[in-house]
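**Q** What follows is protein_16.pdb, PDB, N, CA and C atoms.
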```
ATOM      1  N   MET A 170     112.163  87.203 -43.917
ATOM      2  CA  MET A 170     111.486  87.519 -42.670
ATOM      3  C   MET A 170     112.039  86.625 -41.560
ATOM      4  N   THR A 171     112.204  87.192 -40.399
ATOM      5  CA  THR A 171     112.713  86.455 -39.246
ATOM      6  C   THR A 171     111.699  86.542 -38.118
ATOM      7  N   ASP A 172     111.333  85.376 -37.572
ATOM      8  CA  ASP A 172     110.457  85.344 -36.403
ATOM      9  C   ASP A 172     111.287  85.596 -35.155
ATOM     10  N   ILE A 173     110.829  86.501 -34.314
ATOM     11  CA  ILE A 173     111.494  86.805 -33.053
ATOM     12  C   ILE A 173     110.796  86.004 -31.956
ATOM     13  N   VAL A 174     111.572  85.191 -31.229
ATOM     14  CA  VAL A 174     111.041  84.351 -30.151
ATOM     15  C   VAL A 174     111.928  84.496 -28.922
ATOM     16  N   LEU A 175     111.399  84.101 -27.776
ATOM     17  CA  LEU A 175     112.199  84.049 -26.560
ATOM     18  C   LEU A 175     113.109  82.839 -26.681
ATOM     19  N   ASP A 176     114.389  83.033 -26.525
ATOM     20  CA  ASP A 176     115.406  81.999 -26.723
ATOM     21  C   ASP A 176     115.052  80.688 -26.014
ATOM     22  N   ASP A 177     115.197  79.590 -26.739
ATOM     23  CA  ASP A 177     114.908  78.262 -26.185
ATOM     24  C   ASP A 177     115.674  77.975 -24.901
ATOM     25  N   ALA A 178     116.878  78.515 -24.779
ATOM     26  CA  ALA A 178     117.709  78.245 -23.603
ATOM     27  C   ALA A 178     117.042  78.689 -22.301
ATOM     28  N   VAL A 179     116.261  79.761 -22.326
ATOM     29  CA  VAL A 179     115.628  80.241 -21.094
ATOM     30  C   VAL A 179     114.465  79.345 -20.668
ATOM     31  N   TRP A 180     113.978  78.514 -21.582
ATOM     32  CA  TRP A 180     112.875  77.595 -21.275
ATOM     33  C   TRP A 180     113.390  76.238 -20.773
ATOM     34  N   ALA A 181     114.706  76.024 -20.778
ATOM     35  CA  ALA A 181     115.300  74.712 -20.535
ATOM     36  C   ALA A 181     114.777  73.994 -19.284
ATOM     37  N   ASP A 182     114.742  74.661 -18.166
ATOM     38  CA  ASP A 182     114.336  74.007 -16.916
ATOM     39  C   ASP A 182     112.931  74.396 -16.485
ATOM     40  N   VAL A 183     112.132  74.886 -17.424
ATOM     41  CA  VAL A 183     110.789  75.354 -17.120
ATOM     42  C   VAL A 183     109.782  74.251 -17.425
ATOM     43  N   GLU A 184     108.861  74.061 -16.499
ATOM     44  CA  GLU A 184     107.832  73.041 -16.646
ATOM     45  C   GLU A 184     106.991  73.287 -17.900
ATOM     46  N   GLU A 185     106.696  72.222 -18.632
ATOM     47  CA  GLU A 185     105.874  72.316 -19.849
ATOM     48  C   GLU A 185     104.530  72.967 -19.499
ATOM     49  N   GLY A 186     104.053  73.846 -20.362
ATOM     50  CA  GLY A 186     102.781  74.524 -20.133
ATOM     51  C   GLY A 186     102.912  75.860 -19.434
ATOM     52  N   THR A 187     104.098  76.164 -18.894
ATOM     53  CA  THR A 187     104.327  77.460 -18.246
ATOM     54  C   THR A 187     104.348  78.553 -19.311
ATOM     55  N   GLU A 188     103.779  79.696 -18.994
ATOM     56  CA  GLU A 188     103.770  80.822 -19.920
ATOM     57  C   GLU A 188     104.628  81.962 -19.388
ATOM     58  N   ALA A 189     105.135  82.761 -20.306
ATOM     59  CA  ALA A 189     105.908  83.950 -19.975
ATOM     60  C   ALA A 189     105.015  85.168 -20.151
ATOM     61  N   LEU A 190     105.412  86.279 -19.548
ATOM     62  CA  LEU A 190     104.689  87.546 -19.650
ATOM     63  C   LEU A 190     105.541  88.524 -20.446
ATOM     64  N   LEU A 191     104.973  89.095 -21.496
ATOM     65  CA  LEU A 191     105.679  90.132 -22.240
ATOM     66  C   LEU A 191     105.432  91.439 -21.480
ATOM     67  N   GLN A 192     106.442  91.888 -20.755
ATOM     68  CA  GLN A 192     106.278  93.067 -19.902
ATOM     69  C   GLN A 192     106.112  94.346 -20.703
ATOM     70  N   GLU A 193     107.021  94.572 -21.667
ATOM     71  CA  GLU A 193     106.951  95.817 -22.431
ATOM     72  C   GLU A 193     107.695  95.705 -23.753
ATOM     73  N   TRP A 194     107.173  96.404 -24.740
ATOM     74  CA  TRP A 194     107.852  96.561 -26.020
ATOM     75  C   TRP A 194     108.688  97.824 -25.963
ATOM     76  N   GLN A 195     109.876  97.786 -26.535
ATOM     77  CA  GLN A 195     110.719  98.976 -26.635
ATOM     78  C   GLN A 195     110.806  99.456 -28.077
ATOM     79  N   VAL A 196     110.030  98.797 -28.957
ATOM     80  CA  VAL A 196     109.933  99.185 -30.361
ATOM     81  C   VAL A 196     108.473  99.100 -30.779
ATOM     82  N   ALA A 197     108.174  99.623 -31.958
ATOM     83  CA  ALA A 197     106.832  99.543 -32.527
ATOM     84  C   ALA A 197     106.939  99.003 -33.948
ATOM     85  N   ALA A 198     105.827  98.506 -34.465
ATOM     86  CA  ALA A 198     105.797  98.050 -35.857
ATOM     87  C   ALA A 198     106.220  99.209 -36.756
ATOM     88  N   GLY A 199     107.087  98.909 -37.716
ATOM     89  CA  GLY A 199     107.592  99.927 -38.626
ATOM     90  C   GLY A 199     108.939 100.507 -38.222
ATOM     91  N   ASP A 200     109.350 100.293 -36.970
ATOM     92  CA  ASP A 200     110.635 100.819 -36.497
ATOM     93  C   ASP A 200     111.803 100.087 -37.148
ATOM     94  N   SER A 201     112.862 100.838 -37.441
ATOM     95  CA  SER A 201     114.127 100.241 -37.872
ATOM     96  C   SER A 201     114.928  99.911 -36.619
ATOM     97  N   VAL A 202     115.599  98.756 -36.629
ATOM     98  CA  VAL A 202     116.375  98.322 -35.464
ATOM     99  C   VAL A 202     117.763  97.877 -35.902
ATOM    100  N   GLU A 203     118.678  97.906 -34.970
ATOM    101  CA  GLU A 203     120.053  97.436 -35.182
ATOM    102  C   GLU A 203     120.218  96.054 -34.579
ATOM    103  N   ALA A 204     121.153  95.276 -35.083
ATOM    104  CA  ALA A 204     121.448  93.968 -34.506
ATOM    105  C   ALA A 204     121.825  94.147 -33.037
ATOM    106  N   GLY A 205     121.242  93.342 -32.165
ATOM    107  CA  GLY A 205     121.539  93.414 -30.739
ATOM    108  C   GLY A 205     120.682  94.398 -29.961
ATOM    109  N   GLN A 206     119.879  95.184 -30.649
ATOM    110  CA  GLN A 206     119.003  96.153 -29.974
ATOM    111  C   GLN A 206     117.917  95.415 -29.194
ATOM    112  N   VAL A 207     117.616  95.890 -27.993
ATOM    113  CA  VAL A 207     116.558  95.289 -27.186
ATOM    114  C   VAL A 207     115.212  95.633 -27.811
ATOM    115  N   LEU A 208     114.422  94.594 -28.073
ATOM    116  CA  LEU A 208     113.099  94.768 -28.661
ATOM    117  C   LEU A 208     112.011  94.771 -27.604
ATOM    118  N   CYS A 209     112.150  93.865 -26.626
ATOM    119  CA  CYS A 209     111.146  93.777 -25.570
ATOM    120  C   CYS A 209     111.757  93.117 -24.347
ATOM    121  N   VAL A 210     110.996  93.176 -23.256
ATOM    122  CA  VAL A 210     111.391  92.522 -22.009
ATOM    123  C   VAL A 210     110.281  91.554 -21.639
ATOM    124  N   ALA A 211     110.684  90.311 -21.370
ATOM    125  CA  ALA A 211     109.731  89.267 -20.992
ATOM    126  C   ALA A 211     110.117  88.693 -19.635
ATOM    127  N   GLU A 212     109.114  88.229 -18.904
ATOM    128  CA  GLU A 212     109.349  87.615 -17.593
ATOM    129  C   GLU A 212     108.923  86.152 -17.654
ATOM    130  N   LEU A 213     109.821  85.284 -17.196
ATOM    131  CA  LEU A 213     109.547  83.855 -17.150
ATOM    132  C   LEU A 213     110.007  83.338 -15.802
ATOM    133  N   VAL A 214     109.086  82.811 -15.029
ATOM    134  CA  VAL A 214     109.361  82.266 -13.696
ATOM    135  C   VAL A 214     110.188  83.267 -12.872
ATOM    136  N   LYS A 215     109.654  84.465 -12.724
ATOM    137  CA  LYS A 215     110.210  85.537 -11.887
ATOM    138  C   LYS A 215     111.581  86.031 -12.336
ATOM    139  N   THR A 216     111.962  85.745 -13.575
ATOM    140  CA  THR A 216     113.228  86.225 -14.123
ATOM    141  C   THR A 216     112.928  87.004 -15.396
ATOM    142  N   THR A 217     113.532  88.198 -15.526
ATOM    143  CA  THR A 217     113.298  88.982 -16.730
ATOM    144  C   THR A 217     114.373  88.679 -17.766
ATOM    145  N   HIS A 218     113.958  88.730 -19.020
ATOM    146  CA  HIS A 218     114.851  88.449 -20.143
ATOM    147  C   HIS A 218     114.641  89.513 -21.206
ATOM    148  N   GLU A 219     115.743  90.067 -21.711
ATOM    149  CA  GLU A 219     115.663  91.005 -22.824
ATOM    150  C   GLU A 219     115.711  90.204 -24.112
ATOM    151  N   VAL A 220     114.796  90.511 -25.023
ATOM    152  CA  VAL A 220     114.770  89.877 -26.337
ATOM    153  C   VAL A 220     115.372  90.886 -27.309
ATOM    154  N   THR A 221     116.426  90.472 -28.011
ATOM    155  CA  THR A 221     117.143  91.388 -28.887
ATOM    156  C   THR A 221     116.980  91.011 -30.364
ATOM    157  N   ALA A 222     117.245  91.973 -31.217
ATOM    158  CA  ALA A 222     117.178  91.752 -32.663
ATOM    159  C   ALA A 222     118.402  90.949 -33.104
ATOM    160  N   PRO A 223     118.194  89.856 -33.827
ATOM    161  CA  PRO A 223     119.334  89.062 -34.292
ATOM    162  C   PRO A 223     120.113  89.744 -35.413
ATOM    163  N   THR A 224     119.439  90.600 -36.171
ATOM    164  CA  THR A 224     120.063  91.346 -37.273
ATOM    165  C   THR A 224     119.413  92.716 -37.364
ATOM    166  N   ALA A 225     120.036  93.586 -38.128
ATOM    167  CA  ALA A 225     119.425  94.890 -38.381
ATOM    168  C   ALA A 225     118.252  94.697 -39.336
ATOM    169  N   GLY A 226     117.271  95.558 -39.220
ATOM    170  CA  GLY A 226     116.123  95.462 -40.110
ATOM    171  C   GLY A 226     114.984  96.348 -39.657
ATOM    172  N   ARG A 227     113.771  95.949 -40.078
ATOM    173  CA  ARG A 227     112.569  96.716 -39.744
ATOM    174  C   ARG A 227     111.558  95.781 -39.106
ATOM    175  N   ILE A 228     110.926  96.240 -38.037
ATOM    176  CA  ILE A 228     109.888  95.450 -37.371
ATOM    177  C   ILE A 228     108.635  95.489 -38.243
ATOM    178  N   VAL A 229     108.226  94.331 -38.746
ATOM    179  CA  VAL A 229     107.048  94.239 -39.604
ATOM    180  C   VAL A 229     105.785  94.208 -38.752
ATOM    181  N   SER A 230     105.818  93.398 -37.678
ATOM    182  CA  SER A 230     104.631  93.293 -36.825
ATOM    183  C   SER A 230     105.012  92.836 -35.428
ATOM    184  N   LEU A 231     104.190  93.218 -34.463
ATOM    185  CA  LEU A 231     104.290  92.731 -33.085
ATOM    186  C   LEU A 231     103.168  91.724 -32.921
ATOM    187  N   GLU A 232     103.490  90.495 -32.578
ATOM    188  CA  GLU A 232     102.507  89.413 -32.542
ATOM    189  C   GLU A 232     101.916  89.167 -31.150
ATOM    190  N   VAL A 233     102.606  89.649 -30.107
ATOM    191  CA  VAL A 233     102.113  89.512 -28.732
ATOM    192  C   VAL A 233     102.061  90.907 -28.127
ATOM    193  N   ALA A 234     100.938  91.258 -27.551
ATOM    194  CA  ALA A 234     100.780  92.585 -26.950
ATOM    195  C   ALA A 234     101.487  92.660 -25.601
ATOM    196  N   ALA A 235     101.909  93.850 -25.217
ATOM    197  CA  ALA A 235     102.475  94.077 -23.889
ATOM    198  C   ALA A 235     101.454  93.653 -22.846
ATOM    199  N   GLU A 236     101.934  93.035 -21.795
ATOM    200  CA  GLU A 236     101.122  92.536 -20.677
ATOM    201  C   GLU A 236     100.363  91.251 -21.003
ATOM    202  N   ASP A 237     100.580  90.686 -22.198
ATOM    203  CA  ASP A 237      99.979  89.387 -22.535
ATOM    204  C   ASP A 237     100.971  88.274 -22.235
ATOM    205  N   THR A 238     100.455  87.075 -22.072
ATOM    206  CA  THR A 238     101.301  85.916 -21.845
ATOM    207  C   THR A 238     101.459  85.132 -23.146
ATOM    208  N   PHE A 239     102.520  84.322 -23.189
ATOM    209  CA  PHE A 239     102.787  83.508 -24.371
ATOM    210  C   PHE A 239     103.540  82.248 -23.953
ATOM    211  N   GLY A 240     103.441  81.244 -24.772
ATOM    212  CA  GLY A 240     104.084  79.969 -24.484
ATOM    213  C   GLY A 240     105.393  79.781 -25.225
ATOM    214  N   ARG A 241     106.037  78.679 -24.912
ATOM    215  CA  ARG A 241     107.304  78.290 -25.538
ATOM    216  C   ARG A 241     107.150  78.273 -27.065
ATOM    217  N   GLY A 242     108.080  78.918 -27.754
ATOM    218  CA  GLY A 242     108.087  78.915 -29.210
ATOM    219  C   GLY A 242     107.184  79.942 -29.868
ATOM    220  N   ALA A 243     106.434  80.709 -29.082
ATOM    221  CA  ALA A 243     105.526  81.710 -29.661
ATOM    222  C   ALA A 243     106.317  82.803 -30.380
ATOM    223  N   VAL A 244     105.812  83.217 -31.526
ATOM    224  CA  VAL A 244     106.420  84.322 -32.271
ATOM    225  C   VAL A 244     105.996  85.633 -31.610
ATOM    226  N   LEU A 245     106.988  86.424 -31.179
ATOM    227  CA  LEU A 245     106.707  87.695 -30.516
ATOM    228  C   LEU A 245     106.599  88.830 -31.524
ATOM    229  N   ALA A 246     107.440  88.783 -32.534
ATOM    230  CA  ALA A 246     107.459  89.826 -33.567
ATOM    231  C   ALA A 246     108.045  89.237 -34.838
ATOM    232  N   VAL A 247     107.864  89.971 -35.929
ATOM    233  CA  VAL A 247     108.451  89.582 -37.214
ATOM    234  C   VAL A 247     109.364  90.714 -37.665
ATOM    235  N   LEU A 248     110.598  90.321 -38.047
ATOM    236  CA  LEU A 248     111.631  91.277 -38.457
ATOM    237  C   LEU A 248     111.972  91.035 -39.923
ATOM    238  N   GLU A 249     112.038  92.109 -40.700
ATOM    239  CA  GLU A 249     112.454  92.038 -42.088
ATOM    240  C   GLU A 249     113.864  92.614 -42.184
ATOM    241  N   ALA A 250     114.810  91.798 -42.634
ATOM    242  CA  ALA A 250     116.210  92.247 -42.713
ATOM    243  C   ALA A 250     116.406  93.252 -43.831
TER     244      ALA A 250
END
```
Rewrite the structure of this file - the entire thing - as structure tokens.
**A**
Amino acid sequence: MTDIVLDDAVWADVEEGTEALLQEWQVAAGDSVEAGQVLCVAELVKTTHEVTAPTAGRIVSLEVAAEDTFGRGAVLAVLEA
């Protein structure tokens, strides 16, 4: 199982305690995905970021709902290779 998170690099210059907004999911639990496929779009400090699948597999669960906020290191989804 692989935890899907917003890449640490995008949090680099962000003040501690700032949260991101998960704008939309482009997949659902149970969907098969390819490596590099966009899973969701998140906004952090007025910048949007696409979160992609690191490997091919199946989405086991979505851990953050669309339009919800989340903090640094939060698991957005779980992927089974």
**Q** From the options A:Ala246, A:Thr238, A:Ser230, A:Val220, which residue's atoms come nearest to Ala198 of chain A, counting all atoms listed in the file?
**A**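 Among the listed residues, the smallest separation from Ala198 of chain A belongs to A:Ser230.
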**Q** What gap, in Å, lies between atom C of Val233 of chain A and atom CA of Lys215 of chain A?
**A** 18.9 Å
**Q** Find the residues near Ala234 of chain A: any atom within 8 Å, counting all atoms listed in the file, skip ones fewer than 5 places away on the same chain, and give them as a ChimeraX atom specification.
**A** /A:190-194,245
**Q** Select from chain A everything DSSP, run on the backbone, classes as helix (DSSP H, G or I), then give the selection as a VMD selection string.
**A** chain A and resid 177 to 180
**Q** Could you name the residues that touch segment 202-206 of chain A at 7 Å or less, counting only C-alpha atoms, but leaving out those on the same chain fewer than 6 positions away, as a ChimeraX atom specification?
**A** /A:221-227
**Q** Between atom CA of Val207 of chain A and atom N of Glu185 of chain A, measure the distance and give it in Å to one decimal.
**A**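 It comes out at 26.5 Å.
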**Q** Check the smallest atom-to-atom distance from each of A:Ala235, A:Ile228, A:Val214, A:Met170 to Val183 of chain A using all atoms listed in the file, then report the winner.
**A**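 Smallest separation from Val183 of chain A among the options: A:Val214.
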**Q** Any idea what's packed within 8 Å of Val244 of chain A, counting all atoms listed in the file, ignoring anything in its chain fewer than 5 positions away? Could you give it as a list of chain:residue names?
**A**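 Returned residues: A:Asp172, A:Ile173, A:Val174, A:Leu175, A:Leu231, A:Glu232, A:Val233, A:Phe239.
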**Q** Choose the residue, out of A:Thr187, A:Val229, A:Asp237, A:Val196, that has the smallest atom-to-atom separation from Ala211 of chain A; count only C-alpha atoms.
**A**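 For Ala211 of chain A, the nearest of the candidates is A:Asp237.
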**Q** Work out how far atom N of Arg241 of chain A is from atom C of Val179 of chain A, in Å to one decimal.
**A**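 Between atom C of Val179 of chain A and atom N of Arg241 of chain A the gap is 9.5 Å.
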**Q** Using only N, CA and C atoms for the distances, tell me which of A:Leu208, A:Ala250, A:Gly240, A:Glu219 is nearest to Glu188 of chain A.
**A**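 So, comparing all the options, the nearest one is A:Gly240.
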**Q** Please report, as number ranges by chain, each residue of chain A to which DSSP assigns strand (DSSP E) when run on this structure's backbone.
**A** A: 171-173, 189-194, 201-202, 207-213, 216-221, 226-231, 238-239, 246-249
